[in-house]
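Notes to accompany the following structure.
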Amino acid sequence: MKGLIQRVSHARVDVAGESVGAIDRGLLLLLGIEARDTAEDADKLLHKVLNYRVFPDKSGRMNCNLQQAGGGLLVVSQFTLVAETGRGLRPSFSRGASPGQAEVLYNHFVAQARIRFAPVACGVFAEDMQITLVNDGPVTFLLETG
């Protein structure tokens with residue numbers, strides 16, 4: 001499982017011109033789910049996302065996590081994160097989870113996030129989404145479970 005986190009001053013996801021999720025300061029998480037991923041992988045990645053220290057402390061050093069910073073979490077599914085891009089000029093998605101498996105794990109991730117943290121906003125699984133964000137820093141990290 002892969003998660004691309006971006007520290008944002010605000011972020012919003014729209015579907016068909018309507019806002020379906022938004023946060024102010026916090027993390028935008030683009031979540032990629034592979035065929036081999038499990039609920040345990042989702043839980044491990046969630047722990048990492050919530051505890052990864054990417055927010056500045058009083059000295060300006062990245063020593064605070066999302067919970068300490070008091071920001072929001074916006075979770076958006078993005079199957080293109082798991083694409084194989086090492087060969088050729090067209091991505092391969094053979095590592096990606098089937099839509100059914102990915103939706104189950106995405107829903108598990110979001111449900112667990114809402115149990116462990118607030119506020120949590122999210123996109124709509126398998127929809128065409130438009131994301132608007134202001135990356136603060138810029139600060140972007142790719143987190144992986146395997």
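Each chain of the structure tokens is named A, B, ... in the order shown, its residues numbered from 1; ligands are numbered from 1 in display order.
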
Would you give me, as a ChimeraX atom specification, the residues in chain A that DSSP reads as helix (DSSP H, G or I)? /A:39-51,66-69,79-82,99-116

Could you list, as a list of chain:residue names, every residue within 9 Å of Arg53 of chain A, counting only C-alpha atoms and ignoring same-chain residues fewer than 4 positions away?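 Non-adjacent residues within range: A:Val49, A:Met62, A:Asn63, A:Cys64, A:Asn65, A:Leu66.
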
Selection above as a file: N, CA, C and O atoms, as an mmCIF file, in the first residue's frame:
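In the end it all went to selection.cif:
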data_model
loop_
_atom_site.group_PDB
_atom_site.id
_atom_site.type_symbol
_atom_site.label_atom_id
_atom_site.label_comp_id
_atom_site.auth_asym_id
_atom_site.auth_seq_id
_atom_site.Cartn_x
_atom_site.Cartn_y
_atom_site.Cartn_z
ATOM 1 N N VAL A 49 0.749 7.584 8.727
ATOM 2 C CA VAL A 49 0.215 8.876 8.280
ATOM 3 C C VAL A 49 -0.085 9.778 9.474
ATOM 4 O O VAL A 49 0.266 10.963 9.481
ATOM 5 N N MET A 62 10.710 20.028 11.502
ATOM 6 C CA MET A 62 9.625 19.062 11.320
ATOM 7 C C MET A 62 9.659 18.041 12.446
ATOM 8 O O MET A 62 10.260 16.980 12.315
ATOM 9 N N ASN A 63 8.999 18.366 13.543
ATOM 10 C CA ASN A 63 8.960 17.485 14.715
ATOM 11 C C ASN A 63 7.558 17.155 15.178
ATOM 12 O O ASN A 63 7.393 16.408 16.132
ATOM 13 N N CYS A 64 6.536 17.703 14.537
ATOM 14 C CA CYS A 64 5.158 17.474 14.975
ATOM 15 C C CYS A 64 4.390 16.649 13.949
ATOM 16 O O CYS A 64 4.546 16.837 12.742
ATOM 17 N N ASN A 65 3.562 15.757 14.454
ATOM 18 C CA ASN A 65 2.718 14.955 13.568
ATOM 19 C C ASN A 65 1.360 15.630 13.387
ATOM 20 O O ASN A 65 1.091 16.687 13.963
ATOM 21 N N LEU A 66 0.517 15.023 12.599
ATOM 22 C CA LEU A 66 -0.795 15.590 12.294
ATOM 23 C C LEU A 66 -1.622 15.808 13.556
ATOM 24 O O LEU A 66 -2.271 16.841 13.716
#

Of A:Leu31, A:Phe125, A:Arg114, A:Asp41, the one nearest to Gly100 of chain A when counting only C-alpha atoms is A:Phe125

Residues near Pro91 of chain A, anyone? I mean within 12 Å using only C-alpha atoms, not counting same-chain ones fewer than 6 positions away, as a PDB file with N, CA and C atoms, in the first residue's frame.
ATOM      1  N   PHE A  79      -5.500   4.994  -7.764  1.00  0.00           N
ATOM      2  CA  PHE A  79      -4.910   3.737  -8.223  1.00  0.00           C
ATOM      3  C   PHE A  79      -3.643   3.952  -9.034  1.00  0.00           C
ATOM      4  N   THR A  80      -3.449   5.120  -9.621  1.00  0.00           N
ATOM      5  CA  THR A  80      -2.257   5.352 -10.446  1.00  0.00           C
ATOM      6  C   THR A  80      -0.974   5.351  -9.623  1.00  0.00           C
ATOM      7  N   LEU A  81      -1.061   5.481  -8.303  1.00  0.00           N
ATOM      8  CA  LEU A  81       0.138   5.433  -7.462  1.00  0.00           C
ATOM      9  C   LEU A  81       0.826   4.084  -7.513  1.00  0.00           C
ATOM     10  N   VAL A  82       0.093   3.028  -7.805  1.00  0.00           N
ATOM     11  CA  VAL A  82       0.680   1.686  -7.799  1.00  0.00           C
ATOM     12  C   VAL A  82       1.090   1.223  -9.199  1.00  0.00           C
ATOM     13  N   ALA A  83       1.087   2.126 -10.148  1.00  0.00           N
ATOM     14  CA  ALA A  83       1.469   1.778 -11.522  1.00  0.00           C
ATOM     15  C   ALA A  83       2.940   1.390 -11.607  1.00  0.00           C
ATOM     16  N   GLU A  84       3.214   0.437 -12.487  1.00  0.00           N
ATOM     17  CA  GLU A  84       4.595   0.088 -12.815  1.00  0.00           C
ATOM     18  C   GLU A  84       5.023   1.011 -13.951  1.00  0.00           C
ATOM     19  N   THR A  85       6.107   1.752 -13.730  1.00  0.00           N
ATOM     20  CA  THR A  85       6.537   2.747 -14.717  1.00  0.00           C
ATOM     21  C   THR A  85       7.976   2.543 -15.168  1.00  0.00           C
TER      22      THR A  85
END

Give the answer as one residue: which of A:Gly137, A:Gly123, A:Gly3, A:Gly146 has the shortest atom-to-atom distance to Pro56 of chain A, using only C-alpha atoms? A:Gly137

So that I can see what lies close to Asp136 of chain A, please list as a ChimeraX atom specification the residues with an atom at most 6 Å from it, counting only C-alpha atoms and leaving out residues fewer than 3 positions away in the same chain. /A:7-9

For the strand (DSSP E) assignment from backbone DSSP, which residues of chain A qualify? Please present them as a count of residues only. 57

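When only C-alpha atoms are used to measure the gap to Val13 of chain A, the shortest distance among A:Ala42, A:Lys58, A:Val139, A:Val75 belongs to A:Val75.
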
Under the rule that only C-alpha atoms are counted, which of A:Gly96, A:Gly21, A:Gly70, A:Gly32 is the nearest residue to Leu143 of chain A?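 Closest candidate: A:Gly32.
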
Figure out the distance between atom CA of Ala39 of chain A and atom CA of Phe109 of chain A, please, to one decimal in Å. 7.8 Å

Suppose you want the space between atom CA of Ala121 of chain A and atom CA of Ser98 of chain A; what is it in Å?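 Computing the Euclidean distance for atom CA of Ala121 of chain A and atom CA of Ser98 of chain A yields 23.6 Å.
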
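Taking atom CA of His10 of chain A and atom CA of Leu28 of chain A as endpoints, the distance between them is 8.7 Å.
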
Would you mind listing what lies within 7 Å of Leu29 of chain A as number ranges by chain, with only C-alpha atoms counted and same-chain residues fewer than 6 positions away left out? A: 3-6, 74-76

Those same residues, written as a PDB file, in the first residue's frame with all heavy atoms?
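Output (out04.pdb):
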ATOM      1  N   GLY A   3       0.990   5.561   0.147  1.00  0.00           N
ATOM      2  CA  GLY A   3       0.295   6.794   0.464  1.00  0.00           C
ATOM      3  C   GLY A   3       1.192   7.978   0.182  1.00  0.00           C
ATOM      4  O   GLY A   3       2.296   8.056   0.706  1.00  0.00           O
ATOM      5  N   LEU A   4       0.738   8.848  -0.667  1.00  0.00           N
ATOM      6  CA  LEU A   4       1.471  10.079  -0.944  1.00  0.00           C
ATOM      7  C   LEU A   4       0.831  11.157  -0.084  1.00  0.00           C
ATOM      8  O   LEU A   4      -0.348  11.485  -0.276  1.00  0.00           O
ATOM      9  CB  LEU A   4       1.382  10.451  -2.424  1.00  0.00           C
ATOM     10  CG  LEU A   4       2.180  11.683  -2.818  1.00  0.00           C
ATOM     11  CD1 LEU A   4       3.667  11.339  -2.887  1.00  0.00           C
ATOM     12  CD2 LEU A   4       1.711  12.236  -4.139  1.00  0.00           C
ATOM     13  N   ILE A   5       1.602  11.666   0.894  1.00  0.00           N
ATOM     14  CA  ILE A   5       1.060  12.708   1.759  1.00  0.00           C
ATOM     15  C   ILE A   5       1.638  14.052   1.348  1.00  0.00           C
ATOM     16  O   ILE A   5       2.813  14.156   0.986  1.00  0.00           O
ATOM     17  CB  ILE A   5       1.314  12.441   3.258  1.00  0.00           C
ATOM     18  CG1 ILE A   5       2.802  12.292   3.575  1.00  0.00           C
ATOM     19  CG2 ILE A   5       0.502  11.255   3.736  1.00  0.00           C
ATOM     20  CD1 ILE A   5       3.122  12.251   5.053  1.00  0.00           C
ATOM     21  N   GLN A   6       0.780  15.045   1.391  1.00  0.00           N
ATOM     22  CA  GLN A   6       1.197  16.418   1.127  1.00  0.00           C
ATOM     23  C   GLN A   6       0.694  17.276   2.281  1.00  0.00           C
ATOM     24  O   GLN A   6      -0.499  17.223   2.607  1.00  0.00           O
ATOM     25  CB  GLN A   6       0.607  16.924  -0.185  1.00  0.00           C
ATOM     26  CG  GLN A   6       1.088  16.128  -1.382  1.00  0.00           C
ATOM     27  CD  GLN A   6       0.509  16.666  -2.671  1.00  0.00           C
ATOM     28  OE1 GLN A   6       0.848  17.748  -3.102  1.00  0.00           O
ATOM     29  NE2 GLN A   6      -0.383  15.896  -3.273  1.00  0.00           N
ATOM     30  N   LEU A  74      -7.440  14.573   4.590  1.00  0.00           N
ATOM     31  CA  LEU A  74      -8.280  14.368   3.407  1.00  0.00           C
ATOM     32  C   LEU A  74      -7.738  13.156   2.670  1.00  0.00           C
ATOM     33  O   LEU A  74      -6.594  13.166   2.215  1.00  0.00           O
ATOM     34  CB  LEU A  74      -8.262  15.604   2.503  1.00  0.00           C
ATOM     35  CG  LEU A  74      -9.027  15.515   1.178  1.00  0.00           C
ATOM     36  CD1 LEU A  74     -10.491  15.167   1.397  1.00  0.00           C
ATOM     37  CD2 LEU A  74      -8.893  16.824   0.411  1.00  0.00           C
ATOM     38  N   VAL A  75      -8.543  12.089   2.574  1.00  0.00           N
ATOM     39  CA  VAL A  75      -8.132  10.821   1.969  1.00  0.00           C
ATOM     40  C   VAL A  75      -8.797  10.682   0.602  1.00  0.00           C
ATOM     41  O   VAL A  75     -10.024  10.768   0.489  1.00  0.00           O
ATOM     42  CB  VAL A  75      -8.540   9.623   2.858  1.00  0.00           C
ATOM     43  CG1 VAL A  75      -8.042   8.312   2.246  1.00  0.00           C
ATOM     44  CG2 VAL A  75      -8.028   9.796   4.277  1.00  0.00           C
ATOM     45  N   VAL A  76      -7.961  10.443  -0.425  1.00  0.00           N
ATOM     46  CA  VAL A  76      -8.458  10.286  -1.792  1.00  0.00           C
ATOM     47  C   VAL A  76      -7.827   9.028  -2.385  1.00  0.00           C
ATOM     48  O   VAL A  76      -6.600   8.875  -2.369  1.00  0.00           O
ATOM     49  CB  VAL A  76      -8.096  11.520  -2.656  1.00  0.00           C
ATOM     50  CG1 VAL A  76      -8.531  11.325  -4.094  1.00  0.00           C
ATOM     51  CG2 VAL A  76      -8.699  12.788  -2.059  1.00  0.00           C
TER      52      VAL A  76
END

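When only C-alpha atoms are used to measure the gap to Ser94 of chain A, the shortest distance among A:Ala35, A:Leu30, A:Leu45, A:Gly17 belongs to A:Ala35.
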